[in-house]
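Undergrad: run-v8.csv (CSV, C-alpha atoms) pasted underneath:
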chain,number,residue,atom,x,y,z
H,1,MET,CA,0.0,0.0,0.0
H,2,MET,CA,1.8,3.1,-1.3
H,3,THR,CA,0.5,5.9,0.9
H,4,ILE,CA,2.4,9.2,1.4
H,5,PRO,CA,3.7,8.0,4.8
H,6,ASN,CA,5.0,4.8,3.3
H,7,ILE,CA,6.6,6.8,0.4
H,8,LEU,CA,8.4,9.0,3.0
H,9,THR,CA,9.6,5.9,4.9
H,10,ILE,CA,10.9,4.3,1.7
H,11,SER,CA,12.6,7.6,0.7
H,12,ARG,CA,14.3,7.5,4.1
H,13,ILE,CA,15.8,4.1,3.3
H,14,LEU,CA,16.8,5.1,-0.2
H,15,LEU,CA,18.6,8.2,1.2
H,16,ILE,CA,20.9,6.1,3.4
H,17,PRO,CA,23.3,5.2,0.5
H,18,VAL,CA,23.4,8.9,-0.4
H,19,ILE,CA,24.6,9.7,3.1
H,20,VAL,CA,27.3,7.0,2.9
H,21,ILE,CA,28.5,8.3,-0.5
H,22,LEU,CA,28.6,11.9,0.8
H,23,TYR,CA,30.5,10.7,3.9
H,24,TYR,CA,33.2,8.9,1.9
H,25,PHE,CA,33.5,11.8,-0.6
H,26,GLN,CA,34.5,14.2,2.1
H,27,PRO,CA,38.0,15.6,1.4
H,28,ALA,CA,40.6,16.3,4.1
H,29,TYR,CA,40.2,19.2,6.5
H,30,SER,CA,43.0,21.0,4.6
H,31,GLU,CA,40.6,21.4,1.7
H,32,ALA,CA,38.1,23.4,3.8
H,33,PRO,CA,35.9,25.0,1.1
H,34,ILE,CA,35.2,21.7,-0.6
H,35,PHE,CA,35.0,19.8,2.7
H,36,SER,CA,32.5,22.3,4.0
H,37,TRP,CA,30.2,21.8,1.0
H,38,PHE,CA,30.3,18.0,1.2
H,39,ASN,CA,30.1,18.0,5.0
H,40,PHE,CA,27.1,20.4,4.9
H,41,SER,CA,25.4,18.2,2.3
H,42,LEU,CA,26.0,15.1,4.4
H,43,VAL,CA,24.5,16.7,7.5
H,44,ALA,CA,21.6,18.2,5.5
H,45,ALA,CA,20.8,14.7,4.0
H,46,TYR,CA,20.9,13.1,7.5
H,47,ALA,CA,18.7,16.0,8.8
H,48,VAL,CA,16.1,15.4,6.0
H,49,VAL,CA,16.1,11.6,6.7
H,50,SER,CA,15.5,12.4,10.4
H,51,ILE,CA,12.7,14.9,9.7
H,52,THR,CA,10.9,12.4,7.5
H,53,ASP,CA,11.0,10.0,10.4
H,54,TYR,CA,8.7,12.4,12.3
H,55,PHE,CA,6.5,13.3,9.3
H,56,ASP,CA,5.8,9.7,8.1
H,57,GLY,CA,4.3,8.8,11.5
H,58,PHE,CA,2.5,12.1,12.0
H,59,LEU,CA,0.9,11.9,8.5
H,60,ALA,CA,0.0,8.2,9.0
H,61,ARG,CA,-1.9,9.1,12.2
H,62,LYS,CA,-3.3,12.5,11.0
H,63,MET,CA,-4.5,11.2,7.6
H,64,ASP,CA,-5.6,7.8,9.0
H,65,MET,CA,-3.1,6.0,6.7
H,66,THR,CA,-1.6,3.6,9.0
H,67,SER,CA,-0.8,0.2,7.4
H,68,LYS,CA,0.9,-3.1,8.1
H,69,LEU,CA,3.7,-2.1,5.6
H,70,GLY,CA,4.3,1.2,7.4
H,71,GLU,CA,4.4,-0.6,10.8
H,72,PHE,CA,7.0,-2.9,9.4
H,73,LEU,CA,9.1,-0.4,7.4
H,74,ASP,CA,9.2,2.5,9.9
H,75,PRO,CA,11.3,0.8,12.6
H,76,VAL,CA,13.4,-0.8,9.9
H,77,ALA,CA,14.2,2.6,8.4
H,78,ASP,CA,15.0,4.0,11.9
H,79,LYS,CA,17.4,1.2,12.7
H,80,LEU,CA,19.1,1.4,9.3
H,81,MET,CA,19.4,5.1,9.6
H,82,VAL,CA,20.9,5.2,13.1
H,83,SER,CA,23.1,2.1,12.7
H,84,THR,CA,24.6,3.3,9.4
H,85,ALA,CA,25.4,6.7,10.9
H,86,LEU,CA,27.0,5.2,14.0
H,87,ILE,CA,29.2,2.9,11.9
H,88,LEU,CA,30.3,5.9,9.9
H,89,LEU,CA,31.2,7.7,13.1
H,90,VAL,CA,33.2,4.7,14.4
H,91,ASP,CA,35.0,4.7,11.0
H,92,TYR,CA,35.8,8.4,11.3
H,93,TYR,CA,36.9,8.7,14.9
H,94,PRO,CA,39.9,6.5,15.9
H,95,VAL,CA,39.1,3.8,18.5
H,96,GLU,CA,42.3,4.5,20.4
H,97,SER,CA,41.3,8.0,21.3
H,98,HIS,CA,37.5,7.9,20.9
H,99,TRP,CA,36.7,4.4,22.3
H,100,TYR,CA,33.6,5.8,24.0
H,101,ILE,CA,32.0,6.5,20.5
H,102,THR,CA,32.7,2.8,19.5
H,103,LEU,CA,31.3,1.6,22.8
H,104,SER,CA,28.2,3.7,22.5
H,105,ALA,CA,27.7,2.5,18.9
H,106,ILE,CA,27.9,-1.1,20.0
H,107,ILE,CA,25.5,-0.6,22.9
H,108,ILE,CA,22.9,1.3,20.7
H,109,ILE,CA,23.1,-1.2,17.8
H,110,ALA,CA,23.0,-4.2,20.1
H,111,ARG,CA,19.9,-2.8,21.9
H,112,GLU,CA,18.1,-2.2,18.6
H,113,ILE,CA,18.7,-5.8,17.5
H,114,LEU,CA,17.6,-7.1,21.0
H,115,VAL,CA,14.4,-5.0,21.1
H,116,SER,CA,13.6,-6.0,17.5
H,117,ALA,CA,14.0,-9.7,18.3
H,118,LEU,CA,11.9,-9.2,21.5
H,119,ARG,CA,9.1,-7.5,19.5
H,120,GLU,CA,9.3,-10.3,16.8
H,121,TRP,CA,9.0,-13.0,19.5
H,122,MET,CA,6.2,-11.1,21.3
H,123,GLY,CA,4.4,-10.9,17.9
H,124,THR,CA,4.6,-14.7,17.5
H,125,ILE,CA,2.9,-15.3,20.8
H,126,GLY,CA,0.3,-12.6,20.1
H,127,LYS,CA,1.5,-10.1,22.7
H,128,ARG,CA,3.3,-7.6,20.6
H,129,SER,CA,1.2,-4.8,22.0
H,130,ASN,CA,2.8,-5.5,25.4
H,131,ILE,CA,6.0,-3.9,24.0
H,132,ASN,CA,5.2,-0.4,23.0
H,133,VAL,CA,7.5,2.6,22.5
H,134,SER,CA,7.9,4.4,25.8
H,135,TRP,CA,8.6,8.1,26.3
H,136,ILE,CA,12.2,7.2,27.2
H,137,GLY,CA,12.6,5.5,23.8
H,138,LYS,CA,11.3,8.6,22.1
H,139,VAL,CA,13.7,10.9,24.0
H,140,LYS,CA,16.6,8.4,23.2
H,141,THR,CA,15.8,8.6,19.5
H,142,PHE,CA,15.8,12.5,19.7
H,143,MET,CA,19.1,12.5,21.5
H,144,GLN,CA,20.6,10.0,19.0
H,145,ILE,CA,19.6,12.1,16.0
H,146,PHE,CA,21.1,15.3,17.4
H,147,ALA,CA,24.2,13.6,18.6
H,148,ILE,CA,24.8,12.1,15.2
H,149,LEU,CA,24.1,15.4,13.5
H,150,PHE,CA,26.7,17.3,15.7
H,151,LEU,CA,29.3,14.5,15.3
H,152,LEU,CA,28.8,14.3,11.5
H,153,TYR,CA,29.2,18.1,11.2
H,154,GLN,CA,32.7,18.0,12.7
H,155,GLN,CA,33.1,21.8,12.6
H,156,PRO,CA,32.2,24.6,15.1
H,157,PHE,CA,28.4,25.3,14.9
H,158,PHE,CA,27.8,29.0,15.3
H,159,GLY,CA,30.9,29.1,17.5
H,160,LEU,CA,29.7,26.1,19.6
H,161,PRO,CA,32.0,23.0,19.9
H,162,SER,CA,30.0,20.5,17.8
H,163,PHE,CA,32.1,17.5,18.8
H,164,GLU,CA,31.7,18.1,22.5
H,165,ILE,CA,28.0,18.7,22.2
H,166,GLY,CA,27.7,15.6,20.1
H,167,ILE,CA,29.6,13.5,22.6
H,168,ILE,CA,27.4,14.7,25.5
H,169,LEU,CA,24.3,13.9,23.5
H,170,LEU,CA,25.6,10.5,22.4
H,171,LEU,CA,26.5,9.5,26.0
H,172,THR,CA,23.1,10.6,27.2
H,173,ALA,CA,21.5,8.6,24.4
H,174,THR,CA,23.6,5.6,25.3
H,175,PHE,CA,22.4,5.8,28.9
H,176,LEU,CA,18.7,6.2,27.8
H,177,THR,CA,19.3,3.2,25.4
H,178,LEU,CA,20.3,1.0,28.3
H,179,TRP,CA,17.4,2.3,30.4
H,180,SER,CA,14.8,1.8,27.8
H,181,GLY,CA,16.3,-1.6,26.8
H,182,PHE,CA,15.9,-2.7,30.4
H,183,ILE,CA,12.3,-1.6,30.5
H,184,TYR,CA,11.6,-3.6,27.3
H,185,LEU,CA,13.3,-6.7,28.7
H,186,LYS,CA,11.4,-6.3,31.9
H,187,SER,CA,8.1,-6.1,30.0
H,188,GLY,CA,9.1,-9.2,28.0
H,189,MET,CA,10.0,-11.2,31.1
H,190,LYS,CA,6.7,-10.4,32.7
H,191,THR,CA,4.9,-11.7,29.6
H,192,LEU,CA,7.0,-14.8,29.7
H,193,LYS,CA,6.1,-15.5,33.3
H,194,ALA,CA,2.4,-14.9,32.7
Show me this structure written as structure tokens.

TA:
Amino acid sequence: MMTIPNILTISRILLIPVIVILYYFQPAYSEAPIFSWFNFSLVAAYAVVSITDYFDGFLARKMDMTSKLGEFLDPVADKLMVSTALILLVDYYPVESHWYITLSAIIIIAREILVSALREWMGTIGKRSNINVSWIGKVKTFMQIFAILFLLYQQPFFGLPSFEIGIILLLTATFLTLWSGFIYLKSGMKTLKA
């Protein structure tokens, strides 16, 4: 069912390779004018992908266009978007000096896989509704998106240190990832015992 929300979700998935290409086409810092253009395009593309994440869900609810395809594709697009960006950041920042970025990426990606598996399992036993998105999960997603945007930008943002801001947001998102993951697991274990 190709509704506007589903088209937005699919476009989000299709933009991910564009983000990867822009990332790898970034020249060195010494070539600042070209670097700035590529870097700005990379951040703008990721921002567009992030914004469509909000709009596809908003339009689906507002226009009563929710569908099984949308329910399946939306979380897939989210996980692909975040996982790809985190892998690119791990590639960019050396593990030796920025191990906390690598550790955060591992925790966030592992949690996404774990929660997806939990939801899938809950779906097979007819209790998928027991595992709904919590407000912590929404705040975590918001933090992740802004952390990634600041870390991808790699340059001062209106005089603000984008790297430091990105790290604070990423570490906060990692904490919320662990917290929300624990809540999901707790809900799953309650269902298992019932």

Undergrad: Which one of H:Tyr100, H:Trp121, H:Tyr153, H:Tyr46 sits closest to Thr174 (chain H) if you count only C-alpha atoms?

TA: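 Under the stated criterion, the closest residue is H:Tyr100.
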
Undergrad: I'd like to know which of H:Ser97, H:Gln144, H:Ser116, H:Gln154 is closest to Gly188 (chain H), using only C-alpha atoms.

TA: H:Ser116

Undergrad: Tell me, as a compact mmCIF listing (two decimals) with C-alpha atoms, in the coordinates of the input, which residues lie within 9 Å of Glu112 (chain H), counting only C-alpha atoms; anything in the same chain fewer than 5 positions away does not count.

TA:
# COMPACT_ATOMS: atom_id res chain seq x y z
CA LYS H 79 17.40 1.20 12.70
CA SER H 83 23.10 2.10 12.70
CA ILE H 107 25.50 -0.60 22.90
CA ALA H 117 14.00 -9.70 18.30
CA THR H 177 19.30 3.20 25.40
CA GLY H 181 16.30 -1.60 26.80

Undergrad: Could you pull out every residue with an atom within 12 Å of (25.8, 23.1, 12.7), file coordinates, counting only C-alpha atoms, and send them as a count of residues only?

TA: 28

Undergrad: Counting all atoms listed in the file, select every polymer residue within 12 Å of (17.1, 1.5, 0.0) as defined in the file's coordinates, and provide the selection as a list in words.

TA: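 Within 12 Å of (17.1, 1.5, 0.0), the protein and nucleic acid residues are Ile7, Leu8, Thr9, Ile10, Ser11, Arg12, Ile13, Leu14, Leu15, Ile16, Pro17, Val18, Ile19, Val20, Leu73, Val76, Ala77, Leu80 and Met81 of chain H.
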
Undergrad: When you draw a straight line from CA of Thr172 (chain H) to CA of Leu22 (chain H), how long is it in Å?

TA: 27.0 Å

Undergrad: With all atoms listed in the file as the counted atoms, please give the residues lying no more than 9 Å from Gly70 (chain H), apart from itself and same-chain residues fewer than 3 positions off, as a PyMOL selection string.

TA: chain H and resi 1+3+5-6+9+56-57+60+65-67+73-75

Undergrad: Kindly indicate which residue among H:Leu103, H:Ile145, H:Met189, H:Ile4 lies nearest to Leu169 (chain H), using all atoms listed in the file for the distances.

TA: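 Closest to Leu169 (chain H), using all atoms listed in the file: H:Ile145.
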
Undergrad: Figure out the distance between CA of Ile108 (chain H) and CA of Phe182 (chain H), please, to one decimal in Å.

TA: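 The value is 12.6 Å.
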
Undergrad: I need the residue nearest Asp53 (chain H) from this list: H:Gly137, H:Asp78, H:Arg119, H:Phe38. Use only C-alpha atoms for the distance.

TA: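 Closest residue, counting only C-alpha atoms: H:Asp78.
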
Undergrad: What is the CA of Ser104 (chain H) to CA of Ala173 (chain H) distance in Å?

TA: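 So the two atoms, CA of Ser104 (chain H) and CA of Ala173 (chain H), lie 8.5 Å apart.
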
Undergrad: Write out as AutoDock Vina command-line options an axis-aligned box for region 38-53 of chain H: all of its atoms listed in the file, 8 Å added on each side, centre and edge lengths in Å with one decimal.

TA:
--center_x 20.6 --center_y 15.2 --center_z 5.8 --size_x 35.4 --size_y 26.4 --size_z 25.2

Undergrad: Would you mind telling me which residue in H:Leu118, H:Leu86, H:Leu69, H:Met143 lies nearest to Ile106 (chain H) when using only C-alpha atoms?

TA: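 Under the stated criterion, the closest residue is H:Leu86.
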